[in-house]
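Novice: My structure file start.tsv, TSV, C-alpha atoms and all ligand atoms, is below:
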```tsv
chain	number	residue	atom	x	y	z
A	1	MET	CA	0.00	0.00	0.00
A	2	ASP	CA	1.23	3.50	-0.81
A	3	VAL	CA	2.58	5.65	1.98
A	4	GLN	CA	0.04	8.39	1.29
A	5	TRP	CA	-2.86	5.96	1.81
A	6	LEU	CA	-1.40	4.77	5.10
A	7	LEU	CA	-1.06	8.40	6.17
A	8	ILE	CA	-4.63	9.24	5.14
A	9	ILE	CA	-6.03	6.20	6.99
A	10	HIS	CA	-3.95	7.03	10.04
A	11	GLY	CA	-5.14	10.65	9.95
A	12	LEU	CA	-8.80	9.66	9.58
A	13	LEU	CA	-8.59	7.16	12.44
A	14	THR	CA	-6.94	9.74	14.72
A	15	LEU	CA	-9.64	12.29	13.78
A	16	LEU	CA	-12.40	9.74	14.45
A	17	VAL	CA	-11.02	8.94	17.92
A	18	VAL	CA	-10.48	12.61	18.85
A	19	VAL	CA	-13.92	13.71	17.57
A	20	SER	CA	-15.63	10.75	19.25
A	21	PHE	CA	-13.86	11.43	22.53
A	22	LEU	CA	-14.58	15.17	22.57
A	23	CYS	CA	-17.96	15.48	20.83
A	24	GLY	CA	-19.47	11.96	20.94
A	25	GLN	CA	-22.08	12.99	23.53
A	26	TRP	CA	-23.51	15.73	21.30
A	27	PRO	CA	-27.14	15.15	20.28
A	28	ILE	CA	-26.29	15.08	16.54
A	29	PHE	CA	-24.24	11.90	17.07
A	30	GLU	CA	-27.03	10.06	18.91
A	31	GLY	CA	-27.28	6.47	17.73
A	32	THR	CA	-24.16	6.69	15.55
A	33	PRO	CA	-20.91	4.72	15.93
A	34	ILE	CA	-19.29	7.98	17.13
A	35	GLN	CA	-21.52	7.92	20.21
A	36	ARG	CA	-20.62	4.26	20.85
A	37	ILE	CA	-16.88	5.00	20.50
A	38	HIS	CA	-17.33	7.93	22.92
A	39	TYR	CA	-19.05	5.63	25.41
A	40	PHE	CA	-16.29	3.04	25.06
A	41	LEU	CA	-13.49	5.61	25.49
A	42	THR	CA	-15.05	7.43	28.43
A	43	PHE	CA	-16.71	4.62	30.34
A	44	GLY	CA	-16.96	1.25	28.57
A	45	ALA	CA	-13.24	0.51	28.36
A	46	TYR	CA	-12.79	1.12	32.11
A	47	ASP	CA	-15.85	-0.99	32.88
A	48	TYR	CA	-14.52	-3.91	30.78
A	49	PHE	CA	-11.13	-3.50	32.47
A	50	LEU	CA	-12.75	-3.71	35.93
A	51	ARG	CA	-14.72	-6.81	34.93
A	52	PHE	CA	-11.58	-8.41	33.50
A	53	VAL	CA	-9.64	-7.69	36.70
A	54	GLY	CA	-12.51	-9.08	38.78
A	55	PHE	CA	-12.64	-12.22	36.63
A	56	VAL	CA	-8.88	-12.87	36.82
A	57	PHE	CA	-7.85	-11.56	40.27
A	58	GLY	CA	-11.09	-11.49	42.24
A	59	GLU	CA	-12.97	-8.86	44.22
A	60	LYS	CA	-9.97	-7.69	46.28
A	61	ALA	CA	-8.24	-6.43	43.13
A	62	ILE	CA	-11.40	-4.52	42.09
A	63	ASN	CA	-11.56	-2.87	45.51
A	64	ALA	CA	-7.88	-1.92	45.25
A	65	ILE	CA	-8.50	-0.27	41.85
A	66	LEU	CA	-11.63	1.49	43.14
A	67	SER	CA	-9.70	2.89	46.10
A	68	VAL	CA	-7.02	4.17	43.70
A	69	GLU	CA	-9.82	5.73	41.62
A	70	TYR	CA	-11.25	7.32	44.77
A	71	PHE	CA	-7.82	8.76	45.65
A	72	CYS	CA	-7.23	10.02	42.10
A	73	CYS	CA	-10.70	11.39	41.27
A	74	ASP	CA	-12.45	12.26	44.53
A	75	ARG	CA	-9.62	13.51	46.76
A	76	PRO	CA	-7.18	16.37	46.27
A	77	ASN	CA	-3.98	14.86	44.85
A	78	PRO	CA	-1.06	15.95	42.69
A	79	VAL	CA	-1.19	13.03	40.18
A	80	LEU	CA	-2.33	15.14	37.20
A	81	GLN	CA	-0.09	18.04	38.22
A	82	ILE	CA	2.91	15.70	38.02
A	83	ILE	CA	1.67	14.36	34.67
A	84	TYR	CA	1.37	17.95	33.32
A	85	LEU	CA	4.92	18.79	34.41
A	86	ALA	CA	6.18	15.51	32.90
A	87	ILE	CA	4.40	16.19	29.57
A	88	ILE	CA	5.74	19.73	29.22
A	89	GLY	CA	9.23	18.70	30.37
A	90	ILE	CA	9.46	15.65	28.06
A	91	THR	CA	8.05	17.59	25.06
A	92	TYR	CA	10.55	20.41	25.61
A	93	TYR	CA	13.40	17.91	26.01
A	94	PHE	CA	12.55	16.13	22.73
A	95	ILE	CA	12.15	19.39	20.81
A	96	ALA	CA	15.48	20.67	22.17
A	97	LYS	CA	17.30	17.39	21.50
A	98	SER	CA	15.91	16.80	18.02
A	99	SER	CA	15.76	20.31	16.56
A	100	PHE	CA	17.87	22.91	18.35
A	101	SER	CA	20.99	21.87	16.42
A	102	TYR	CA	19.24	22.97	13.19
A	103	ILE	CA	18.72	26.53	14.47
A	104	PRO	CA	19.69	28.86	12.88
A	105	GLY	CA	18.77	27.18	9.61
A	106	TYR	CA	17.65	28.10	6.11
A	107	TYR	CA	14.34	29.59	7.27
A	108	LEU	CA	15.10	30.33	10.91
A	109	SER	CA	17.54	33.21	10.86
A	110	GLY	CA	20.01	34.55	13.41
A	111	PHE	CA	17.10	36.00	15.39
A	112	HIS	CA	16.19	32.46	16.36
A	113	ARG	CA	19.76	31.72	17.47
A	114	SER	CA	18.57	32.71	20.91
A	115	SER	CA	15.49	30.45	20.54
A	116	ARG	CA	16.82	27.94	23.04
A	117	TYR	CA	16.63	30.68	25.69
A	118	THR	CA	13.39	32.28	24.50
A	119	SER	CA	11.70	28.87	24.27
A	120	LEU	CA	12.87	28.05	27.79
A	121	LEU	CA	11.45	31.37	28.93
A	122	GLY	CA	8.17	30.56	27.08
A	123	VAL	CA	7.89	27.20	28.87
A	124	GLY	CA	8.86	28.91	32.15
A	125	ILE	CA	6.00	31.41	31.77
A	126	GLY	CA	3.64	28.49	31.04
A	127	VAL	CA	4.72	26.69	34.22
A	128	PHE	CA	4.40	29.97	36.14
A	129	PHE	CA	0.72	30.33	35.05
A	130	PHE	CA	0.20	26.69	35.98
A	131	LEU	CA	1.60	27.21	39.50
A	132	LEU	CA	-0.35	30.45	39.88
A	133	THR	CA	-3.66	28.73	38.96
A	134	SER	CA	-2.85	25.69	41.11
A	135	PHE	CA	-1.87	27.47	44.28
A	136	ALA	CA	-3.88	30.71	44.14
A	137	ASP	CA	-6.95	30.96	46.37
A	138	PRO	CA	-9.91	30.35	44.01
A	139	GLY	CA	-12.11	32.54	46.22
A	140	THR	CA	-12.82	30.49	49.33
A	141	VAL	CA	-15.99	31.62	51.10
A	142	LYS	CA	-15.46	31.87	54.85
A	143	ALA	CA	-17.47	33.23	57.74
A	144	GLU	CA	-15.31	36.38	57.60
A	145	ASN	CA	-16.05	37.24	53.98
A	146	VAL	CA	-19.43	35.66	53.31
A	147	SER	CA	-21.39	38.91	53.77
A	148	GLN	CA	-19.10	40.74	51.30
A	149	TYR	CA	-19.56	37.94	48.77
A	150	GLN	CA	-23.30	38.09	49.27
A	151	SER	CA	-23.36	41.79	48.40
A	152	ALA	CA	-20.93	41.31	45.49
A	153	TYR	CA	-23.13	38.55	44.02
A	154	PRO	CA	-26.82	39.19	44.75
A	155	TYR	CA	-29.33	36.33	44.48
A	156	ASP	CA	-31.17	36.29	41.16
A	157	ASN	CA	-33.96	34.13	42.66
A	158	ILE	CA	-33.96	32.10	39.45
A	159	ILE	CA	-31.04	29.69	39.72
A	160	TYR	CA	-29.79	31.09	43.05
A	161	THR	CA	-31.85	31.60	46.18
A	162	GLU	CA	-30.63	32.23	49.71
A	163	LYS	CA	-29.39	28.93	51.17
A	164	GLU	CA	-26.91	27.64	53.71
A	165	CYS	CA	-24.06	25.25	52.91
A	166	SER	CA	-24.87	22.10	54.86
A	167	THR	CA	-21.15	21.31	55.32
A	168	CYS	CA	-19.59	24.72	55.97
A	169	LYS	CA	-22.64	25.94	57.97
A	170	ILE	CA	-22.41	29.43	56.43
A	171	PRO	CA	-24.76	31.12	53.94
A	172	LYS	CA	-24.08	30.26	50.30
A	173	PRO	CA	-23.51	33.44	48.26
A	174	ALA	CA	-25.05	33.38	44.77
A	175	ARG	CA	-22.76	31.78	42.14
A	176	SER	CA	-20.80	29.86	44.81
A	177	LYS	CA	-20.65	26.09	45.18
A	178	HIS	CA	-19.33	23.68	47.76
A	179	CYS	CA	-16.50	21.65	46.20
A	180	SER	CA	-16.71	18.15	47.59
A	181	ILE	CA	-13.08	17.38	46.63
A	182	CYS	CA	-11.56	20.46	48.32
A	183	ASN	CA	-14.28	20.50	50.99
A	184	ARG	CA	-14.92	24.26	50.93
A	185	CYS	CA	-17.32	26.75	49.38
A	186	VAL	CA	-15.86	28.65	46.41
A	187	ALA	CA	-17.19	31.98	45.11
A	188	ARG	CA	-18.20	32.19	41.42
A	189	PHE	CA	-17.40	28.47	41.19
A	190	ASP	CA	-16.58	27.27	37.68
A	191	HIS	CA	-15.29	23.72	38.11
A	192	HIS	CA	-12.78	21.66	40.07
A	193	CYS	CA	-9.75	21.19	37.83
A	194	GLY	CA	-7.90	17.92	38.36
A	195	TRP	CA	-4.88	19.14	36.37
A	196	MET	CA	-4.50	22.11	38.71
A	197	ASN	CA	-5.58	20.16	41.80
A	198	ASN	CA	-7.59	23.29	42.63
A	199	CYS	CA	-11.02	24.78	42.06
A	200	ILE	CA	-11.39	27.35	39.30
A	201	GLY	CA	-13.36	30.18	40.88
A	202	GLU	CA	-13.74	33.91	41.33
A	203	ARG	CA	-10.09	34.74	42.01
A	204	ASN	CA	-8.18	32.38	39.71
A	205	THR	CA	-10.29	32.18	36.53
A	206	ARG	CA	-8.01	34.90	35.11
A	207	TYR	CA	-4.87	32.79	35.71
A	208	PHE	CA	-6.62	29.74	34.27
A	209	MET	CA	-7.51	31.64	31.08
A	210	ALA	CA	-3.95	32.97	30.81
A	211	PHE	CA	-2.69	29.40	31.25
A	212	LEU	CA	-4.87	28.09	28.41
A	213	LEU	CA	-4.08	30.95	26.03
A	214	TRP	CA	-0.34	30.82	26.72
A	215	HIS	CA	-0.14	27.05	26.20
A	216	LEU	CA	-2.13	27.35	22.97
A	217	PHE	CA	0.35	29.98	21.80
A	218	LEU	CA	3.31	27.76	22.84
A	219	CYS	CA	1.94	24.77	20.90
A	220	LEU	CA	1.29	26.83	17.75
A	221	TYR	CA	4.75	28.40	18.00
A	222	GLY	CA	6.25	24.91	18.35
A	223	ILE	CA	4.40	23.64	15.24
A	224	VAL	CA	5.49	26.65	13.14
A	225	ALA	CA	9.12	26.51	14.33
A	226	LEU	CA	9.37	22.73	13.73
A	227	GLY	CA	7.78	23.23	10.31
A	228	PHE	CA	10.45	25.80	9.45
A	229	VAL	CA	13.20	23.47	10.70
A	230	LEU	CA	11.97	20.66	8.42
A	231	ALA	CA	11.46	22.99	5.45
A	232	GLY	CA	14.99	24.29	6.04
A	233	ARG	CA	16.44	20.76	6.06
A	234	LEU	CA	14.56	20.01	2.84
A	235	LYS	CA	16.11	23.06	1.23
A	236	GLU	CA	19.64	22.60	2.64
A	237	LEU	CA	19.89	18.92	1.67
A	238	ARG	CA	18.43	19.76	-1.80
A	239	VAL	CA	15.96	16.88	-1.47
A	240	VAL	CA	13.71	18.05	-4.31
A	241	TYR	CA	16.73	18.47	-6.59
A	242	ILE	CA	18.00	14.97	-5.79
A	243	LEU	CA	14.56	13.42	-6.27
A	244	THR	CA	13.97	15.07	-9.64
A	245	VAL	CA	17.49	14.91	-11.10
A	246	TYR	CA	18.88	11.63	-9.71
A	247	TYR	CA	15.67	9.64	-9.30
A	248	GLY	CA	13.92	11.12	-12.33
A	249	ILE	CA	10.69	11.95	-10.48
A	250	GLU	CA	8.42	14.41	-12.23
A	251	ASN	CA	8.72	17.92	-10.76
A	252	SER	CA	5.11	18.34	-9.65
A	253	PHE	CA	3.64	18.61	-6.16
A	254	ARG	CA	1.44	15.54	-6.66
A	255	LYS	CA	4.37	13.30	-7.69
A	256	LEU	CA	6.91	14.71	-5.24
A	257	ALA	CA	4.76	14.95	-2.09
A	258	PRO	CA	4.67	11.19	-1.26
A	259	HIS	CA	8.45	10.89	-1.65
A	260	VAL	CA	9.12	13.99	0.44
A	261	VAL	CA	6.72	12.74	3.14
A	262	GLN	CA	8.43	9.33	3.08
A	263	TRP	CA	11.83	11.00	3.41
A	264	LEU	CA	10.63	13.19	6.31
A	265	LEU	CA	9.06	10.21	8.10
A	266	GLY	CA	12.28	8.27	7.69
A	267	SER	CA	14.76	10.96	8.67
A	268	TYR	CA	12.80	13.29	10.96
A	269	ASN	CA	10.12	11.11	12.55
A	270	THR	CA	10.67	12.67	16.00
A	271	GLN	CA	9.83	16.14	14.66
A	272	ILE	CA	6.77	14.81	12.76
A	273	LEU	CA	5.47	13.02	15.87
A	274	LEU	CA	6.06	16.17	17.94
A	275	MET	CA	4.15	18.26	15.39
A	276	VAL	CA	1.18	15.85	15.37
A	277	PHE	CA	1.16	15.82	19.17
A	278	LEU	CA	1.31	19.63	19.35
A	279	ALA	CA	-1.47	19.90	16.75
A	280	VAL	CA	-3.79	17.62	18.77
A	281	VAL	CA	-3.02	19.52	21.99
A	282	SER	CA	-3.59	22.88	20.21
A	283	LEU	CA	-6.97	21.65	19.01
A	284	LEU	CA	-7.95	20.66	22.55
A	285	LEU	CA	-6.64	23.92	24.04
A	286	ALA	CA	-8.31	26.06	21.36
A	287	SER	CA	-11.71	24.45	21.90
A	288	PHE	CA	-11.37	24.62	25.68
A	289	PHE	CA	-10.21	28.24	25.58
A	290	GLY	CA	-13.00	29.15	23.13
A	291	TYR	CA	-15.61	27.57	25.40
A	292	HIS	CA	-14.33	29.42	28.48
A	293	ALA	CA	-13.86	32.72	26.62
A	294	ASN	CA	-17.52	32.54	25.63
A	295	LEU	CA	-18.48	31.86	29.26
A	296	CYS	CA	-16.45	34.91	30.36
A	297	ARG	CA	-18.07	37.02	27.63
A	298	THR	CA	-21.56	36.16	28.90
A	299	ASN	CA	-20.58	36.10	32.59
A	300	THR	CA	-21.60	32.49	33.10
A	301	THR	CA	-19.70	29.63	34.73
A	302	THR	CA	-19.47	25.97	33.72
A	303	ASN	CA	-21.46	25.18	36.85
A	304	GLU	CA	-24.16	27.66	35.81
A	305	THR	CA	-24.54	26.27	32.28
A	306	VAL	CA	-25.82	23.07	33.91
A	307	LYS	CA	-28.12	25.03	36.23
A	308	TRP	CA	-29.49	27.09	33.33
A	309	GLN	CA	-30.06	23.97	31.26
A	310	ASP	CA	-32.13	22.43	34.07
A	311	HIS	CA	-34.01	25.67	34.62
A	312	MET	CA	-34.82	26.13	30.90
A	313	ASN	CA	-35.99	22.52	30.58
A	314	TRP	CA	-38.25	23.02	33.57
A	315	LEU	CA	-39.62	26.31	32.12
A	316	ARG	CA	-40.27	24.62	28.78
A	317	LYS	CA	-42.24	21.83	30.49
A	318	VAL	CA	-44.29	24.37	32.45
A	319	ASN	CA	-45.06	26.31	29.26
A	320	GLU	CA	-46.02	23.15	27.42
A	321	ALA	CA	-48.33	22.08	30.22
A	322	ARG	CA	-49.93	25.54	30.19
A	323	ALA	CA	-50.34	25.44	26.42
A	324	SER	CA	-51.92	22.01	26.40
A	325	ALA	CA	-54.31	23.07	29.17
A	326	ALA	CA	-55.25	26.12	27.09
A	327	ALA	CA	-55.69	23.95	23.98
A	328	LEU	CA	-57.94	21.57	25.89
A	329	LYS	CA	-60.02	24.45	27.19
A	330	ALA	CA	-60.29	25.93	23.68
A	331	SER	CA	-61.39	22.60	22.19
A	332	ILE	CA	-64.07	22.20	24.87
A	333	ASN	CA	-65.31	25.72	24.13
A	334	GLY	CA	-65.07	25.02	20.38
A	335	MET	CA	-67.28	21.94	20.65
A	336	SER	CA	-70.13	24.03	21.99
A	337	SER	CA	-69.70	26.86	19.44
A	338	LYS	CA	-69.22	26.84	15.64
A	339	ARG	CA	-66.53	24.41	14.33
A	340	LYS	CA	-63.34	25.99	13.01
A	341	PRO	CA	-62.31	25.01	9.43
A	342	PRO	CA	-59.41	22.47	9.56
A	343	ASP	CA	-55.83	23.70	8.99
A	344	SER	CA	-54.37	23.10	5.54
A	345	LYS	CA	-52.08	20.08	5.24
A	346	TRP	CA	-49.05	22.30	4.49
A	347	LYS	CA	-49.65	24.43	7.55
A	348	THR	CA	-49.83	21.34	9.76
A	349	PHE	CA	-46.71	19.91	8.14
A	350	PHE	CA	-44.54	22.97	8.72
A	351	ARG	CA	-45.65	23.53	12.29
A	352	ARG	CA	-43.07	21.74	14.44
A	353	SER	CA	-45.33	21.02	17.36
A	354	PRO	CA	-48.85	21.96	18.35
A	355	LEU	CA	-47.33	23.68	21.39
A	356	GLU	CA	-44.95	25.78	19.34
A	357	ASP	CA	-46.62	29.10	19.99
A	358	SER	CA	-46.63	28.43	23.72
A	359	GLY	CA	-44.16	31.30	24.31
A	360	ALA	CA	-40.38	31.31	24.03
A	361	VAL	CA	-38.21	30.51	27.04
A	362	VAL	CA	-35.79	33.34	27.78
A	363	LYS	CA	-32.57	33.08	29.74
A	364	ASN	CA	-32.43	36.02	32.08
A	365	ASN	CA	-28.86	36.11	33.39
A	366	ILE	CA	-28.71	39.13	35.71
A	367	TYR	CA	-24.92	38.78	36.05
A	368	ASP	CA	-24.43	39.46	32.33
A	369	LYS	CA	-23.86	43.21	32.24
A	370	GLY	CA	-22.21	43.59	28.84
A	371	ILE	CA	-18.99	42.18	27.48
A	372	LEU	CA	-16.65	44.86	28.90
A	373	HIS	CA	-18.06	44.58	32.42
A	374	ASN	CA	-18.02	40.76	32.23
A	375	VAL	CA	-14.42	40.50	31.07
A	376	TRP	CA	-13.35	43.10	33.63
A	377	GLU	CA	-14.97	41.03	36.37
A	378	VAL	CA	-12.72	38.10	35.41
A	379	ILE	CA	-9.57	40.23	35.20
A	380	SER	CA	-10.33	42.15	38.39
A	381	PRO	CA	-12.44	39.89	40.65
A	382	PRO	CA	-14.75	41.77	43.09
A	383	SER	CA	-12.98	40.33	46.16
A	384	THR	CA	-9.67	41.90	45.09
A	385	ARG	CA	-11.19	45.38	44.86
A	386	ARG	CA	-11.03	47.93	47.64
A	387	SER	CA	-14.81	48.40	47.57
A	388	PHE	CA	-15.18	44.75	48.58
A	389	LEU	CA	-13.44	45.35	51.92
A	390	ARG	CA	-15.46	48.49	52.53
A	391	THR	CA	-18.68	46.47	52.36
A	392	LYS	CA	-17.61	44.78	55.59
A	393	SER	CA	-17.27	47.94	57.59
A	394	LYS	CA	-20.75	48.95	56.41
A	395	SER	CA	-22.40	45.68	57.51
A	396	SER	CA	-20.50	45.21	60.76
A	401	ZN	ZN	-19.45	24.63	51.75
A	402	ZN	ZN	-12.14	21.89	44.33
```
As C-alpha cells, what does this structure read like?
Specialist:
Amino acid sequence: MDVQWLLIIHGLLTLLVVVSFLCGQWPIFEGTPIQRIHYFLTFGAYDYFLRFVGFVFGEKAINAILSVEYFCCDRPNPVLQIIYLAIIGITYYFIAKSSFSYIPGYYLSGFHRSSRYTSLLGVGIGVFFFLLTSFADPGTVKAENVSQYQSAYPYDNIIYTEKECSTCKIPKPARSKHCSICNRCVARFDHHCGWMNNCIGERNTRYFMAFLLWHLFLCLYGIVALGFVLAGRLKELRVVYILTVYYGIENSFRKLAPHVVQWLLGSYNTQILLMVFLAVVSLLLASFFGYHANLCRTNTTTNETVKWQDHMNWLRKVNEARASAAALKASINGMSSKRKPPDSKWKTFFRRSPLEDSGAVVKNNIYDKGILHNVWEVISPPSTRRSFLRTKSKSS
C-alpha cells in the first residue's frame, strides 16, 4: 500500500477517535458509531477492564482499583499536576534534542539563534501560570467574607436563592458552590480542575484563562518553528533536486509529495510526531479556551450552564403544560360553538409542534452586564477590589 494511503487512513482514524472522545455525547451523534466509540473511550473501556480484573484476580483487586480511583478522582492529589509537568518537560526535552541543532537554519535566521533561551522562557512562563492557577486561592468563602460575597453577588432568585451550605454551615452566596473534593465553598465556582488540583473560581479564573491561552500559543509556536526546521532541512539537503534529477521523479507537487513525506518520516520522525502531538493539543486547548472565553463574555460559569439547562428545561415543560391546558379548554369551548375550518395540510406539516406558539423561554442572566463589564470582572475579581473590603465595615 502506498505511503500516502497509510497516512490518510492514520489521519482519519486519529480524527475519528479525537472527535468521538470530545464530541461523541452531542445530540447530533445520537445512535451513531461515534456515540458508541465515545461511550467506550469514556466509560466502557474502564468498565470492561474492571470486569476483567474481577474475573482474573477477584474482588480484592477490584476494591484496590476502586480505592485508587477514589484517591485520584475524589480527593485532592497531585497526580495530574505531576503528569502535566512531565508532559511539558518531556516535550521540551525532545524538541530541544531533536531540533535545536538545526537553528539557525535556512528559514530560521540569526534571530532564532537565541530560541533555546526564548523557548525556555516561554515554557517557564507556562509553568508559572500553571503554578499560579494551582496554588492561588480560588475565592474560598469563609465566615469572615461571606457577607461581602453576598453583596458582590446578589441572588437572582432564578437559579440562586438564599441557602446555607450544609457542610460549611455558612450562607451560600449566589454563584458559589461547595467543592466536595476540596471541601470548601468557592465563590463564582466554575469547576474543580484535576490538572491544577484546585477549584477554578472567582479569584483564579483569570490565571486559568492565561494558562490556556499561553499554552495554545506555545503549541502553535512549536508547530510553526518545527515546520520551518523541516522545510529548512529540505532546502539545505536539496531533497527536491536529488529526487527530480537523480531519481527522475516528475517535478510536480502531486508526484513529489509522497516521496518527500516518506523521506521526512524516515529521517525526521521525531519532529513529525512532535508536530502531530502539538497539533492535537492545540486543538484541545483552542476548543477549551474558546468555550471558556464565551463563558467569560456572557458572565456564566461551567457550573451555571448546567443550572441554566435544568431551569430552561423546567420552564419549557411548564409552558407546554400551560399550552396544552389552554388547547384543551379551547377545544371544549369550540365543541359548543361553531366548528373551526381544519388547517391546511401544508400548515400542519410545517408547524413543528402543536405547542410551538406556547411562548419562548428566555434566559435572564442578571450577572451578564455587557462584554466589557463581564471580562473586567474576570480580570479584576470583586474580592480583590477595595470596595469589597469596605462592604464589611458597612455591615459590621
Ligand atoms: Zn461549603
Ligand atoms: Zn475543588
Novice: Pick the closest to A:Phe288 from A:Phe211, A:Tyr70, A:Tyr247, A:Tyr155: which is it, counting all atoms listed in the file?
Specialist: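 Under the stated criterion, the closest residue is A:Phe211.
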Novice: Given all atoms listed in the file as the basis, pick out the residue of A:Ile83, A:Ala61, A:Leu278, A:Cys179 nearest to ligand ZN 401 (chain A).
Specialist: A:Cys179
Novice: Suppose you want the space between atom CA of A:Asn77 and atom CA of A:Ala187; what is it in Å?
Specialist: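 Atom CA of A:Ala187 lies at a distance of 21.6 Å from atom CA of A:Asn77.
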Novice: Determine, for each residue of stretch 278-329 of chain A having at least one atom at most 7 Å from an atom of stretch 216-223 of chain A, the closest pair of atoms and their separation in Å to one decimal, counting all atoms listed in the file; order by chain and ascending number, as JSON lines.
Specialist:
```
{"residue": "A:Leu278", "atom": "CA", "partner": "A:Cys219", "partner_atom": "CA", "distance": 5.4}
{"residue": "A:Ser282", "atom": "CA", "partner": "A:Leu216", "partner_atom": "CA", "distance": 5.5}
{"residue": "A:Leu285", "atom": "CA", "partner": "A:Leu216", "partner_atom": "CA", "distance": 5.8}
{"residue": "A:Ala286", "atom": "CA", "partner": "A:Leu216", "partner_atom": "CA", "distance": 6.5}
```
Novice: All residues within 8 Å of ligand ZN 401 (chain A) are required, counting only C-alpha atoms and all ligand atoms; please report them as a list in words.
Specialist: Val141, Cys165, Ser166, Thr167, Cys168, Lys169, Ile170, Lys172, Lys177, His178, Cys179, Asn183, Arg184, Cys185 and Val186 of chain A
Novice: Emit the selected residues as a tab-separated table (two decimals), in the coordinates of the input, including C-alpha atoms.
Specialist:
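See out34.tsv below for the written result:
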```
chain	number	residue	atom	x	y	z
A	141	VAL	CA	-15.99	31.62	51.10
A	165	CYS	CA	-24.06	25.25	52.91
A	166	SER	CA	-24.87	22.10	54.86
A	167	THR	CA	-21.15	21.31	55.32
A	168	CYS	CA	-19.59	24.72	55.97
A	169	LYS	CA	-22.64	25.94	57.97
A	170	ILE	CA	-22.41	29.43	56.43
A	172	LYS	CA	-24.08	30.26	50.30
A	177	LYS	CA	-20.65	26.09	45.18
A	178	HIS	CA	-19.33	23.68	47.76
A	179	CYS	CA	-16.50	21.65	46.20
A	183	ASN	CA	-14.28	20.50	50.99
A	184	ARG	CA	-14.92	24.26	50.93
A	185	CYS	CA	-17.32	26.75	49.38
A	186	VAL	CA	-15.86	28.65	46.41
```
Novice: So that I can check the surroundings of A:Gly370, please list as a ChimeraX atom specification every protein, DNA and RNA residue that reaches within 9 Å of it, counting all atoms listed in the file and ignoring chain neighbours fewer than 5 positions away.
Specialist: /A:297-299,375
Novice: Given a cut-off of 7 Å, what residues near ligand ZN 402 (chain A) show up using all atoms listed in the file, put as a PyMOL selection string?
Specialist: chain A and resi 179-182+192-193+198-199
Novice: For atom CA of A:Thr301 and atom CA of A:Asn365, determine how far apart the two atoms are, in Å to one decimal place.
Specialist: 11.3 Å
Novice: So the first atom is atom CA of A:His10 and the second is atom CA of A:Leu265; what is the distance between them in Å, to one decimal place?
Specialist: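 We find that atom CA of A:His10 and atom CA of A:Leu265 lie 13.5 Å from each other.
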Novice: Looking at A:Ile8, A:Leu274, A:Ala136, A:Ala327, which one is nearest to A:Lys97, with distances taken over only C-alpha atoms?
Specialist: A:Leu274
Novice: Go through A:Val239, A:Ile249, A:Leu66, A:Leu372 one by one, measure the shortest atom-to-atom distance of each to A:Ser267 using all atoms listed in the file, and give the residue with the smallest value.
Specialist: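 Among the listed residues, A:Val239 lies closest to A:Ser267.
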Novice: Mind checking which residues fall within 12 Å of stretch 100-107 of chain A, counting all atoms listed in the file, ignoring those fewer than 4 positions away in the same chain, and posting them as a ChimeraX atom specification?
Specialist: /A:92-96,111-117,119-120,222,224-238,268,271
Novice: Nearest to A:Asp368: which of A:Asp156, A:Glu320, A:Glu164, A:Asp190 is it, counting only C-alpha atoms?
Specialist: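 Looking at the shortest contact to A:Asp368, the residue is A:Asp156.
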Novice: Give the padded box for stretch 251-270 of chain A as JSON: axis-aligned, covering all atoms listed in the file, 5 Å on each side, centre and edge lengths in Å to one decimal.
Specialist:
```
{"center_x": 8.1, "center_y": 13.4, "center_z": 2.6, "size_x": 23.3, "size_y": 20.3, "size_z": 36.8}
```
Novice: Determine the nearest neighbour of A:Gln81 from the options A:Val127, A:Ala174, A:Val276, A:Ile62, counting only C-alpha atoms.
Specialist: A:Val127
Novice: In file coordinates, which residues lie within 10 Å of (-17.9, 32.7, 38.0) using only C-alpha atoms, given as a list of chain:residue names?
Specialist: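 The residues that fall inside the cut-off are A:Tyr153, A:Ala174, A:Arg175, A:Ser176, A:Val186, A:Ala187, A:Arg188, A:Phe189, A:Asp190, A:His191, A:Ile200, A:Gly201, A:Glu202, A:Arg203, A:Asn204, A:Thr205, A:Leu295, A:Cys296, A:Asn299, A:Thr300, A:Thr301, A:Thr302, A:Asn303, A:Glu304, A:Tyr367, A:Asn374, A:Glu377, A:Val378, A:Pro381.
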Novice: Please write the residues from the selection above to a file, keeping C-alpha atoms, as a CSV table (one decimal), in the coordinates of the input.
Specialist:
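Writing the result to result23.csv gives the following:
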```csv
chain,number,residue,atom,x,y,z
A,153,TYR,CA,-23.1,38.6,44.0
A,174,ALA,CA,-25.0,33.4,44.8
A,175,ARG,CA,-22.8,31.8,42.1
A,176,SER,CA,-20.8,29.9,44.8
A,186,VAL,CA,-15.9,28.6,46.4
A,187,ALA,CA,-17.2,32.0,45.1
A,188,ARG,CA,-18.2,32.2,41.4
A,189,PHE,CA,-17.4,28.5,41.2
A,190,ASP,CA,-16.6,27.3,37.7
A,191,HIS,CA,-15.3,23.7,38.1
A,200,ILE,CA,-11.4,27.4,39.3
A,201,GLY,CA,-13.4,30.2,40.9
A,202,GLU,CA,-13.7,33.9,41.3
A,203,ARG,CA,-10.1,34.7,42.0
A,204,ASN,CA,-8.2,32.4,39.7
A,205,THR,CA,-10.3,32.2,36.5
A,295,LEU,CA,-18.5,31.9,29.3
A,296,CYS,CA,-16.4,34.9,30.4
A,299,ASN,CA,-20.6,36.1,32.6
A,300,THR,CA,-21.6,32.5,33.1
A,301,THR,CA,-19.7,29.6,34.7
A,302,THR,CA,-19.5,26.0,33.7
A,303,ASN,CA,-21.5,25.2,36.8
A,304,GLU,CA,-24.2,27.7,35.8
A,367,TYR,CA,-24.9,38.8,36.0
A,374,ASN,CA,-18.0,40.8,32.2
A,377,GLU,CA,-15.0,41.0,36.4
A,378,VAL,CA,-12.7,38.1,35.4
A,381,PRO,CA,-12.4,39.9,40.6
```
Novice: Please, which residues in stretch 63-156 of chain A fall within 12 Å of stretch 35-55 of chain A when counting all atoms listed in the file, and what is the closest atom pair and distance in Å to one decimal for each, ordered by chain then residue number, as a tab-separated table?
Specialist:
```
residue	atom	partner	partner_atom	distance
A:Asn63	CA	A:Gly54	CA	9.2
A:Ala64	CA	A:Val53	CA	10.5
A:Ile65	CA	A:Leu50	CA	8.1
A:Leu66	CA	A:Leu50	CA	9.0
A:Glu69	CA	A:Tyr46	CA	11.0
```
